[in-house]
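Just protein.txt here, compact mmCIF, C-alpha atoms:
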```txt
# COMPACT_ATOMS: atom_id res chain seq x y z
CA MET A 33 20.91 -96.20 181.30
CA SER A 34 22.50 -97.86 184.28
CA VAL A 35 22.01 -101.34 182.83
CA ASP A 36 23.77 -100.18 179.67
CA TRP A 37 26.67 -98.84 181.67
CA ILE A 38 27.02 -102.10 183.56
CA LEU A 39 26.87 -104.20 180.38
CA GLU A 40 29.39 -101.97 178.62
CA ASN A 41 31.78 -102.13 181.54
CA ARG A 42 31.29 -105.75 182.60
CA ALA A 43 34.87 -106.72 181.76
CA HIS A 44 36.13 -103.83 183.89
CA LEU A 45 33.77 -104.78 186.75
CA LEU A 46 35.06 -108.35 186.63
CA THR A 47 38.70 -107.20 186.67
CA LEU A 48 38.05 -104.98 189.69
CA THR A 49 36.16 -107.75 191.48
CA VAL A 50 39.09 -110.10 190.94
CA SER A 51 41.62 -107.57 192.27
CA HIS A 52 39.27 -106.85 195.20
CA LEU A 53 39.24 -110.54 196.09
CA GLY A 54 42.99 -110.69 195.49
CA LEU A 55 43.44 -108.13 198.28
CA SER A 56 40.80 -109.34 200.73
CA LEU A 57 40.93 -113.15 200.57
CA PRO A 58 44.67 -113.49 201.34
CA ALA A 59 44.19 -111.03 204.20
CA ILE A 60 41.26 -113.01 205.69
CA ALA A 61 43.17 -116.30 205.36
CA ALA A 62 46.26 -114.78 206.97
CA VAL A 63 44.18 -113.47 209.87
CA LEU A 64 42.87 -116.98 210.57
CA VAL A 65 46.29 -118.62 210.26
CA LEU A 66 48.10 -115.99 212.35
CA SER A 67 45.61 -115.28 215.14
CA VAL A 68 45.37 -118.87 216.38
CA PRO A 69 49.09 -119.21 217.25
CA VAL A 70 49.18 -115.67 218.68
CA ALA A 71 46.13 -116.47 220.84
CA VAL A 72 47.66 -119.77 221.99
CA LEU A 73 50.88 -117.95 222.82
CA ALA A 74 48.92 -115.31 224.73
CA ASN A 75 47.19 -118.00 226.79
CA ARG A 76 50.44 -119.92 227.44
CA LEU A 77 52.41 -116.87 228.54
CA ARG A 78 49.98 -115.75 231.22
CA PRO A 79 51.86 -112.63 232.30
CA LEU A 80 51.99 -111.42 228.69
CA ARG A 81 48.33 -112.24 227.90
CA GLY A 82 47.04 -108.77 228.77
CA VAL A 83 49.78 -107.10 226.75
CA ILE A 84 49.25 -109.28 223.66
CA VAL A 85 45.45 -109.16 223.74
CA SER A 86 45.06 -105.45 224.44
CA GLY A 87 48.06 -104.62 222.24
CA THR A 88 46.46 -106.22 219.20
CA GLY A 89 43.12 -104.73 220.25
CA LEU A 90 44.68 -101.26 220.24
CA LEU A 91 45.51 -101.75 216.55
CA TYR A 92 41.80 -101.64 215.90
CA ALA A 93 41.72 -98.04 217.13
CA VAL A 94 44.17 -97.07 214.39
CA PRO A 95 42.21 -95.67 211.42
CA SER A 96 42.59 -97.64 208.18
CA LEU A 97 43.51 -94.94 205.70
CA PRO A 98 46.37 -93.46 207.78
CA LEU A 99 47.64 -96.98 208.40
CA PHE A 100 47.69 -97.63 204.64
CA ILE A 101 49.89 -94.52 204.40
CA VAL A 102 52.19 -95.09 207.39
CA LEU A 103 52.89 -98.78 206.71
CA PRO A 104 55.04 -98.14 203.60
CA VAL A 105 57.55 -96.34 205.84
CA LEU A 106 57.82 -99.40 208.06
CA LEU A 107 57.75 -101.93 205.22
CA GLY A 108 59.82 -100.00 202.69
CA THR A 109 57.11 -100.29 200.02
CA GLY A 110 55.45 -97.58 197.89
CA VAL A 111 52.21 -95.85 199.00
CA ARG A 112 50.29 -97.31 196.07
CA ASP A 113 51.63 -100.82 196.66
CA ALA A 114 48.98 -103.51 197.26
CA VAL A 115 51.19 -105.14 199.92
CA ASN A 116 50.49 -102.26 202.37
CA VAL A 117 46.79 -102.79 201.97
CA VAL A 118 47.01 -106.53 202.65
CA VAL A 119 49.30 -106.06 205.67
CA ALA A 120 47.04 -103.35 207.10
CA LEU A 121 43.97 -105.53 206.61
CA VAL A 122 45.69 -108.44 208.37
CA LEU A 123 46.56 -106.18 211.30
CA PHE A 124 42.93 -105.00 211.57
CA GLY A 125 41.60 -108.51 211.32
CA MET A 126 43.98 -109.70 214.03
CA ALA A 127 42.91 -106.83 216.26
CA LEU A 128 39.44 -108.39 216.25
CA MET A 129 40.39 -112.06 216.10
CA VAL A 130 43.18 -112.51 218.66
CA ARG A 131 40.97 -111.52 221.57
CA SER A 132 38.03 -113.72 220.57
CA VAL A 133 40.24 -116.73 219.82
CA ALA A 134 42.17 -116.29 223.07
CA ASP A 135 38.92 -116.01 225.05
CA ALA A 136 37.39 -118.99 223.26
CA LEU A 137 40.42 -121.23 223.85
CA ASP A 138 40.54 -120.03 227.43
CA SER A 139 36.90 -120.89 228.05
CA VAL A 140 37.39 -124.61 227.35
CA PRO A 141 36.56 -126.11 230.77
CA ALA A 142 39.54 -127.39 232.75
CA GLU A 143 37.73 -130.70 233.45
CA VAL A 144 37.41 -131.32 229.71
CA ARG A 145 41.12 -130.76 229.28
CA LEU A 146 41.96 -133.03 232.19
CA ALA A 147 39.62 -135.70 230.83
CA ALA A 148 41.30 -135.50 227.42
CA THR A 149 44.73 -135.77 229.00
CA ALA A 150 43.55 -138.72 231.10
CA GLN A 151 42.37 -140.43 227.93
CA GLY A 152 45.93 -140.28 226.67
CA HIS A 153 45.86 -137.18 224.45
CA SER A 154 49.18 -135.43 224.02
CA ALA A 155 49.12 -131.64 224.44
CA TRP A 156 49.42 -131.28 220.64
CA GLY A 157 46.68 -133.84 219.95
CA ARG A 158 44.42 -132.32 222.56
CA PHE A 159 44.76 -128.90 221.00
CA TRP A 160 43.63 -130.11 217.55
CA THR A 161 40.94 -132.55 218.65
CA VAL A 162 39.53 -130.95 221.81
CA ASP A 163 40.46 -127.30 222.35
CA LEU A 164 40.18 -126.09 218.76
CA PRO A 165 36.81 -127.78 217.96
CA LEU A 166 35.34 -126.46 221.21
CA ALA A 167 36.59 -122.96 220.40
CA GLY A 168 35.32 -123.42 216.83
CA PRO A 169 32.00 -121.55 217.07
CA ALA A 170 33.64 -118.46 218.61
CA LEU A 171 36.43 -118.66 216.05
CA LEU A 172 33.89 -118.81 213.24
CA ALA A 173 31.91 -115.88 214.65
CA GLY A 174 35.09 -113.79 214.81
CA LEU A 175 36.12 -114.78 211.30
CA ARG A 176 32.71 -113.82 209.91
CA VAL A 177 33.04 -110.30 211.36
CA VAL A 178 36.59 -110.07 210.01
CA SER A 179 35.59 -111.18 206.50
CA VAL A 180 32.72 -108.67 206.20
CA SER A 181 34.76 -105.76 207.55
CA THR A 182 37.83 -106.67 205.45
CA ILE A 183 35.87 -106.86 202.19
CA SER A 184 34.32 -103.47 202.96
CA LEU A 185 37.59 -101.86 204.15
CA VAL A 186 39.48 -102.74 200.96
CA THR A 187 37.45 -100.12 199.08
CA VAL A 188 39.02 -97.28 201.11
CA SER A 189 42.42 -98.00 199.55
CA ALA A 190 41.03 -96.76 196.22
CA VAL A 191 41.59 -93.13 197.28
CA LEU A 192 45.31 -93.96 197.30
CA GLY A 193 45.07 -95.38 193.79
CA VAL A 194 45.10 -99.10 194.65
CA GLN A 195 42.75 -100.94 192.26
CA SER A 196 39.72 -102.59 193.84
CA LEU A 197 35.94 -102.25 193.70
CA GLY A 198 36.57 -98.97 195.54
CA SER A 199 37.95 -97.61 192.26
CA LEU A 200 34.34 -97.63 191.04
CA PHE A 201 33.58 -95.07 193.78
CA THR A 202 36.51 -92.76 193.02
CA ASP A 203 36.07 -92.98 189.23
CA GLY A 204 32.30 -92.67 189.50
CA PHE A 205 32.59 -89.63 191.76
CA GLN A 206 35.18 -87.83 189.65
CA ARG A 207 33.30 -88.46 186.40
CA GLY A 208 29.78 -88.20 187.82
CA ILE A 209 28.75 -91.76 186.88
CA ILE A 210 26.10 -92.92 189.35
CA PRO A 211 25.86 -96.50 187.98
CA SER A 212 29.58 -96.93 188.65
CA ILE A 213 29.16 -96.15 192.36
CA VAL A 214 25.94 -98.14 192.69
CA SER A 215 27.42 -101.23 191.08
CA GLY A 216 30.50 -100.87 193.33
CA VAL A 217 28.31 -100.77 196.45
CA VAL A 218 26.18 -103.70 195.27
CA ILE A 219 29.10 -105.93 194.25
CA THR A 220 31.01 -105.18 197.49
CA ALA A 221 27.96 -105.98 199.62
CA ALA A 222 27.30 -109.12 197.56
CA LEU A 223 30.89 -110.30 198.04
CA ALA A 224 30.64 -109.70 201.78
CA LEU A 225 27.37 -111.63 201.92
CA ALA A 226 28.76 -114.48 199.79
CA ALA A 227 31.83 -114.77 202.01
CA ASP A 228 29.62 -114.78 205.09
CA LEU A 229 27.35 -117.51 203.69
CA PHE A 230 30.40 -119.54 202.66
CA LEU A 231 31.87 -119.33 206.17
CA MET A 232 28.50 -120.28 207.68
CA ALA A 233 28.28 -123.32 205.38
CA LEU A 234 31.86 -124.23 206.21
CA GLY A 235 31.02 -124.01 209.90
CA ARG A 236 28.03 -126.33 209.44
CA ALA A 237 30.17 -128.80 207.54
CA LEU A 238 33.07 -128.76 210.01
CA MET A 239 31.00 -128.50 213.19
CA PRO A 240 27.91 -130.63 212.57
CA TRP A 241 27.18 -130.86 216.32
CA GLN A 242 26.19 -127.20 216.25
CA ARG A 243 23.10 -127.96 214.19
CA THR A 244 21.33 -129.80 217.02
CA GLY A 245 20.41 -126.60 218.77
CA ARG A 246 21.56 -123.42 220.34
CA GLY A 247 24.25 -123.59 222.97
CA SER A 248 24.48 -127.38 222.87
CA ALA A 249 28.19 -127.13 222.08
CA SER A 250 28.97 -125.23 225.24
CA MET B 219 66.44 -85.93 205.15
CA ASN B 220 64.36 -89.10 205.04
CA GLN B 221 60.59 -88.92 204.96
CA PRO B 222 59.68 -89.84 208.56
CA ALA B 223 62.22 -87.28 209.79
CA ALA B 224 60.81 -84.69 207.39
CA ALA B 225 57.30 -85.44 208.66
CA LEU B 226 58.47 -85.06 212.26
CA HIS B 227 60.19 -81.81 211.38
CA LEU B 228 56.94 -80.59 209.84
CA LEU B 229 54.97 -81.58 212.95
CA LEU B 230 57.40 -79.75 215.24
CA ASP B 231 57.22 -76.54 213.23
CA PRO B 232 54.69 -74.16 214.86
CA ALA B 233 53.81 -72.75 211.42
CA THR B 234 52.32 -76.12 210.45
CA TRP B 235 49.74 -75.80 213.20
CA SER B 236 48.68 -72.15 212.91
CA GLY B 237 46.42 -70.40 210.44
CA PRO B 238 42.99 -71.29 208.99
CA ALA B 239 44.44 -74.20 206.97
CA GLY B 240 46.94 -75.21 209.67
CA LEU B 241 46.82 -78.57 211.39
CA GLY B 242 45.37 -76.99 214.55
CA ALA B 243 42.30 -75.74 212.71
CA ARG B 244 42.04 -79.07 210.87
CA VAL B 245 42.12 -81.05 214.11
CA LEU B 246 39.32 -78.86 215.46
CA GLU B 247 37.24 -79.31 212.30
CA HIS B 248 37.88 -83.04 212.41
CA LEU B 249 36.70 -83.27 216.01
CA GLN B 250 33.63 -81.14 215.26
CA TYR B 251 32.60 -83.39 212.36
CA SER B 252 33.16 -86.50 214.46
CA LEU B 253 31.27 -85.18 217.47
CA LEU B 254 28.32 -84.09 215.33
CA ALA B 255 28.17 -87.46 213.55
CA VAL B 256 28.31 -89.46 216.79
CA LEU B 257 25.68 -87.22 218.42
CA LEU B 258 23.33 -87.60 215.46
CA ALA B 259 23.91 -91.36 215.41
CA ALA B 260 23.24 -91.53 219.16
CA CYS B 261 19.95 -89.62 218.72
CA VAL B 262 18.85 -92.26 216.19
CA ALA B 263 20.35 -95.40 217.69
CA LEU B 264 20.04 -95.02 221.47
CA PRO B 265 16.21 -94.82 221.62
CA ILE B 266 15.84 -97.78 219.24
CA GLY B 267 18.48 -99.78 221.10
CA PHE B 268 16.94 -99.04 224.51
CA ALA B 269 13.50 -100.05 223.26
CA VAL B 270 14.80 -103.30 221.73
CA GLY B 271 16.75 -104.12 224.88
CA HIS B 272 13.92 -103.25 227.24
CA PHE B 273 11.10 -105.07 225.49
CA ARG B 274 13.42 -107.87 224.34
CA ARG B 275 11.74 -107.80 220.97
CA GLY B 276 12.91 -107.04 217.47
CA ARG B 277 16.49 -108.00 218.26
CA ASN B 278 16.86 -110.26 215.22
CA LEU B 279 15.48 -107.56 212.96
CA VAL B 280 17.90 -104.97 214.36
CA VAL B 281 20.85 -107.38 214.09
CA ALA B 282 19.98 -108.19 210.47
CA ALA B 283 19.48 -104.52 209.56
CA SER B 284 22.75 -103.52 211.26
CA GLY B 285 24.58 -106.28 209.42
CA THR B 286 23.32 -105.00 206.09
CA VAL B 287 24.22 -101.40 206.93
CA ARG B 288 27.68 -102.45 208.11
CA ALA B 289 28.32 -104.21 204.79
CA LEU B 290 27.83 -100.90 202.92
CA PRO B 291 31.25 -99.49 202.03
CA THR B 292 31.46 -95.98 203.52
CA LEU B 293 33.38 -94.56 200.57
CA GLY B 294 30.67 -95.78 198.20
CA LEU B 295 27.89 -94.25 200.24
CA LEU B 296 29.85 -91.00 200.60
CA THR B 297 30.57 -90.58 196.89
CA LEU B 298 27.03 -91.60 195.93
CA VAL B 299 25.39 -89.07 198.27
CA ALA B 300 27.92 -86.42 197.22
CA LEU B 301 26.92 -86.79 193.56
CA PHE B 302 23.40 -85.74 194.60
CA THR B 303 24.16 -83.15 197.31
CA GLY B 304 27.28 -81.64 195.78
CA LEU B 305 30.52 -80.87 197.57
CA GLY B 306 30.40 -80.04 201.26
CA LEU B 307 29.61 -81.48 204.64
CA LEU B 308 26.18 -83.03 204.03
CA ALA B 309 27.40 -86.17 202.21
CA PRO B 310 30.17 -86.98 204.73
CA MET B 311 27.72 -86.44 207.59
CA VAL B 312 25.23 -88.92 206.09
CA ALA B 313 28.01 -91.47 205.54
CA LEU B 314 29.48 -91.03 209.04
CA VAL B 315 26.10 -91.29 210.77
CA VAL B 316 25.30 -94.47 208.82
CA LEU B 317 28.72 -95.81 209.84
CA ALA B 318 28.18 -95.00 213.53
CA VAL B 319 24.58 -96.16 214.00
CA PRO B 320 25.13 -99.96 214.07
CA SER B 321 27.83 -99.79 216.76
CA VAL B 322 25.85 -97.43 219.02
CA LEU B 323 22.74 -99.55 218.49
CA ALA B 324 24.51 -102.81 219.38
CA GLY B 325 25.94 -101.24 222.55
CA ALA B 326 22.54 -99.83 223.55
CA TYR B 327 20.51 -103.02 223.27
CA SER B 328 23.17 -105.32 224.65
CA GLY B 329 23.72 -102.92 227.57
CA VAL B 330 20.04 -102.81 228.50
CA GLU B 331 19.67 -106.56 227.90
CA SER B 332 22.70 -107.39 230.01
CA VAL B 333 20.96 -106.31 233.22
CA ASP B 334 20.02 -109.35 235.31
CA GLU B 335 16.34 -110.20 234.86
CA ASN B 336 15.98 -110.70 238.62
CA VAL B 337 17.08 -107.10 239.14
CA VAL B 338 14.51 -105.90 236.63
CA ASP B 339 11.80 -108.02 238.29
CA ALA B 340 12.79 -106.67 241.71
CA ALA B 341 12.51 -103.11 240.41
CA ARG B 342 9.07 -103.85 238.96
CA ALA B 343 8.01 -105.46 242.25
CA GLN B 344 8.97 -102.26 244.04
CA GLY B 345 6.29 -100.53 241.97
CA MET B 346 8.50 -98.91 239.35
CA SER B 347 6.89 -98.18 236.00
CA ARG B 348 8.49 -99.60 232.83
CA TRP B 349 9.92 -96.15 232.11
CA GLN B 350 11.45 -95.91 235.60
CA VAL B 351 12.93 -99.40 235.27
CA LEU B 352 14.56 -98.42 231.98
CA VAL B 353 15.85 -95.00 233.07
CA THR B 354 16.85 -95.69 236.66
CA VAL B 355 17.86 -99.38 236.50
CA GLN B 356 18.61 -100.75 233.07
CA ILE B 357 20.40 -97.78 231.49
CA PRO B 358 22.66 -97.04 234.48
CA LEU B 359 23.55 -100.72 234.93
CA GLY B 360 24.09 -101.18 231.22
CA LEU B 361 26.21 -98.02 230.95
CA PRO B 362 29.59 -99.76 230.46
CA LEU B 363 28.29 -101.63 227.40
CA ILE B 364 26.36 -98.60 226.11
CA LEU B 365 29.51 -96.51 226.39
CA GLY B 366 31.43 -99.35 224.68
CA GLY B 367 29.18 -98.98 221.65
CA ILE B 368 29.69 -95.22 221.57
CA ARG B 369 33.44 -95.78 221.93
CA LEU B 370 33.57 -98.10 218.92
CA ALA B 371 31.41 -95.72 216.87
CA SER B 372 33.58 -92.72 217.79
CA LEU B 373 36.75 -94.53 216.78
CA GLN B 374 35.24 -95.57 213.46
CA VAL B 375 34.00 -92.03 212.84
CA VAL B 376 37.29 -90.30 213.73
CA GLY B 377 39.15 -92.65 211.40
CA THR B 378 36.68 -92.28 208.56
CA ALA B 379 36.07 -88.52 208.88
CA ILE B 380 39.23 -88.19 206.77
CA LEU B 381 37.09 -89.05 203.76
CA ALA B 382 35.08 -85.84 204.28
CA ALA B 383 37.87 -83.97 202.53
CA TYR B 384 37.55 -86.29 199.54
CA VAL B 385 34.24 -84.59 198.73
CA GLY B 386 35.39 -81.06 199.47
CA ALA B 387 34.83 -80.68 203.23
CA GLY B 388 37.64 -79.97 205.72
CA GLY B 389 39.11 -81.90 208.61
CA LEU B 390 42.41 -83.77 208.75
CA GLY B 391 41.65 -85.36 205.39
CA ALA B 392 42.36 -81.98 203.75
CA PRO B 393 46.15 -81.96 204.37
CA LEU B 394 46.22 -85.72 203.78
CA PHE B 395 44.67 -85.53 200.31
CA LEU B 396 46.72 -82.42 199.51
CA GLY B 397 49.86 -84.40 200.35
CA LEU B 398 48.62 -87.32 198.25
CA ARG B 399 47.86 -85.18 195.20
CA THR B 400 51.09 -83.21 195.31
CA TYR B 401 53.28 -86.22 196.18
CA ASP B 402 54.22 -84.39 199.39
CA TYR B 403 54.93 -87.54 201.35
CA PRO B 404 56.07 -85.80 204.58
CA LEU B 405 52.76 -83.87 204.73
CA LEU B 406 50.82 -87.07 203.99
CA LEU B 407 52.70 -88.88 206.74
CA ALA B 408 52.33 -86.03 209.23
CA ALA B 409 48.56 -85.77 208.70
CA SER B 410 48.19 -89.56 209.01
CA ALA B 411 50.20 -89.56 212.22
CA VAL B 412 47.98 -86.84 213.70
CA VAL B 413 44.83 -88.87 212.90
CA ILE B 414 46.34 -92.01 214.42
CA VAL B 415 47.36 -90.16 217.60
CA LEU B 416 43.90 -88.56 217.80
CA ALA B 417 42.24 -91.98 217.57
CA LEU B 418 44.55 -93.52 220.17
CA VAL B 419 44.00 -90.62 222.60
CA LEU B 420 40.24 -90.95 222.12
CA ASP B 421 40.41 -94.71 222.72
CA LEU B 422 42.45 -94.12 225.87
CA ALA B 423 39.97 -91.51 227.12
CA PHE B 424 37.01 -93.84 226.55
CA GLY B 425 38.90 -96.72 228.17
CA THR B 426 39.53 -94.59 231.26
CA ALA B 427 35.91 -93.46 231.37
CA GLN B 428 34.73 -97.08 231.17
CA ARG B 429 37.10 -98.14 233.95
CA LEU B 430 35.91 -95.27 236.16
CA LEU B 431 32.30 -96.24 235.46
CA ARG B 432 32.96 -99.77 236.62
CA ARG B 433 34.22 -98.45 239.93
CA LEU B 434 30.89 -96.81 240.68
CA PRO B 435 28.94 -98.51 243.45
CA GLY B 436 26.45 -100.94 241.92
CA LEU B 437 28.44 -101.37 238.73
CA ARG B 438 31.32 -103.16 240.39
CA GLY B 439 31.86 -106.65 239.04
CA GLY B 440 29.49 -105.97 236.16
CA THR B 441 30.44 -106.42 232.55
```

Show this structure as structure tokens.
Amino acid sequence: MSVDWILENRAHLLTLTVSHLGLSLPAIAAVLVLSVPVAVLANRLRPLRGVIVSGTGLLYAVPSLPLFIVLPVLLGTGVRDAVNVVVALVLFGMALMVRSVADALDSVPAEVRLAATAQGHSAWGRFWTVDLPLAGPALLAGLRVVSVSTISLVTVSAVLGVQSLGSLFTDGFQRGIIPSIVSGVVITAALALAADLFLMALGRALMPWQRTGRGSAS
Amino acid sequence: MNQPAAALHLLLDPATWSGPAGLGARVLEHLQYSLLAVLLAACVALPIGFAVGHFRRGRNLVVAASGTVRALPTLGLLTLVALFTGLGLLAPMVALVVLAVPSVLAGAYSGVESVDENVVDAARAQGMSRWQVLVTVQIPLGLPLILGGIRLASLQVVGTAILAAYVGAGGLGAPLFLGLRTYDYPLLLAASAVVIVLALVLDLAFGTAQRLLRRLPGLRGGT
């Protein structure tokens, strides 16, 4: 029975999976791209560090569904607009990421920085070749948490009528179709797992020194 | 009148807050659901977390299991359980407890684990039993992290308890979904604002409690 339902609705499942990824992947990418400069800024502007770090952290306390609803007022979009969802997801992701990136960049030992400067690195070059690779493992760990929570959070927007795998939950509930909900849960969890494995593989490829053993990078 | 102003007007009207379906009653329901869910989650997660942290075994298993549970979308779990249990509070309670357990668990084991091994050895050398070490040394010293886990779980639960109304229970989700269905945007906005304020107040309260804890003698300078 459930296999039949899945086979009959496979085109629909694929469409929803694609729109789910269309909401979550841009959000995850934006979190990565935006939290690094914000974290750098927080570390540069010492007096403002506490405000920036705990300010973004406070965003995490804001519940997702109300944020999906309040954002349209600030952005001038409609409640059922996908843009709200993406912006809200980016804000949540940054709430987690900014602190871990700021802490990771901050924990690069001062001697290492001085050594890099003594070797002739410019501040810009040192950031890309010394600070960022050393902060890499913490950055990756933060991004993995963000990707799993983002992919799962997207589903909540379905109660507002935004199409995603969450629509399988709302439709399935309203029409009493158990396979719809089960396949939604399974596909969402599978996407989260796939994203996590992808990030882990990416980390291995970009930070091969990590493979030699635990804690060797620090 | 624009919508934010209309929502504010609604929030300032005493009639909005009174009565069995007023926001006051909804806030109370919402807090009751959240408290019950966090308490139930704590009953499950604290003993397991303390055991894992104390014996320093099974950590990988707990981390892997928590990761899997965290990946479950709450709305999916809620609607699935609700199809079996029918409308009411049971399905949201299951979903909220499942949501809260991983955070409480992580706080519990990392709190107990965070206590310096030398301190634990010293306590053992003084003739304390394992139980005494856990209850009188590891749990009190790990309290800031343990409370941190409960804080995170409570915030997640208060935010997500809105979904209880999606399957026919009450709480602040009730006015929110009513506003959504009837295109009453000011009501929708007002209910959302109340939930956000509730979460921020809760976060502030937990933050204060954690700061006060750190001032206790013996916990100073700890994590």

(message) Just to confirm, what's the straight-line distance from atom CA of Leu418 of chain B to atom CA of Phe100 of chain A in Å (one decimal)?
(response)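 Interatomic distance here is 16.4 Å.
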
(request) Please determine the contact residues of chain B with respect to chain A at a cut-off of 6 Å, counting only C-alpha atoms, and supply them as JSON, numbers by chain. (result) {"B": [289, 291, 294, 297, 377, 410, 414]}

Could you give me, as a compact mmCIF listing (two decimals) with C-alpha atoms, in the frame of the given file, the residues that have an atom at most 7 Å away from the point (41.2, -109.1, 220.3) in the coordinates of the file, using all atoms listed in the file?
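Ended up saving to point26.txt:
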```
# COMPACT_ATOMS: atom_id res chain seq x y z
CA VAL A 85 45.45 -109.16 223.74
CA SER A 86 45.06 -105.45 224.44
CA THR A 88 46.46 -106.22 219.20
CA GLY A 89 43.12 -104.73 220.25
CA MET A 126 43.98 -109.70 214.03
CA ALA A 127 42.91 -106.83 216.26
CA LEU A 128 39.44 -108.39 216.25
CA MET A 129 40.39 -112.06 216.10
CA VAL A 130 43.18 -112.51 218.66
CA ARG A 131 40.97 -111.52 221.57
CA SER A 132 38.03 -113.72 220.57
```

(message) Excluding Val68 of chain A and its own-chain neighbours fewer than 5 positions away, which residues fall within 12 Å of it when counting only C-alpha atoms? Please give them as JSON, numbers by chain.
(response) {"A": [61, 62, 63, 73, 74, 75, 126, 129, 130, 131, 132, 133, 134, 135, 136, 137, 159, 160, 163, 164, 167, 168, 170, 171, 172, 174, 175]}

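Between atom CA of Arg81 of chain A and atom CA of Leu107 of chain A there is a distance of 26.6 Å.
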
(request) Rank B:Ala225, B:Val287, B:Val270, B:Leu298 by their smallest atom-to-atom distance to Glu331 of chain B, using all atoms listed in the file, and report the top residue only. (result) B:Val270

(message) Considering all atoms listed in the file, can you say which of B:Val256, B:Val338, B:Leu405, B:Ala392 comes closest to Pro238 of chain B?
(response) B:Ala392

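Here atom CA of Asp421 of chain B and atom CA of Gly87 of chain A stand 12.5 Å from one another.
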
(message) So that I can see what lies close to Gly306 of chain B, please list as a list of chain:residue names the residues with an atom at most 9 Å from it, counting all atoms listed in the file and leaving out residues fewer than 2 positions away in the same chain.
(response) B:Ala300, B:Thr303, B:Gly304, B:Leu308, B:Ala309, B:Pro310, B:Ala382, B:Ala383, B:Val385, B:Gly386, B:Ala387, B:Gly388

Please write the residues from the selection above to a file, keeping C-alpha atoms, as a PDB file, keeping the file's coordinate frame.
```
ATOM      1  CA  ALA B 300      27.920 -86.420 197.220  1.00  0.00           C
ATOM      2  CA  THR B 303      24.160 -83.150 197.310  1.00  0.00           C
ATOM      3  CA  GLY B 304      27.280 -81.640 195.780  1.00  0.00           C
ATOM      4  CA  LEU B 308      26.180 -83.030 204.030  1.00  0.00           C
ATOM      5  CA  ALA B 309      27.400 -86.170 202.210  1.00  0.00           C
ATOM      6  CA  PRO B 310      30.170 -86.980 204.730  1.00  0.00           C
ATOM      7  CA  ALA B 382      35.080 -85.840 204.280  1.00  0.00           C
ATOM      8  CA  ALA B 383      37.870 -83.970 202.530  1.00  0.00           C
ATOM      9  CA  VAL B 385      34.240 -84.590 198.730  1.00  0.00           C
ATOM     10  CA  GLY B 386      35.390 -81.060 199.470  1.00  0.00           C
ATOM     11  CA  ALA B 387      34.830 -80.680 203.230  1.00  0.00           C
ATOM     12  CA  GLY B 388      37.640 -79.970 205.720  1.00  0.00           C
TER      13      GLY B 388
END
```
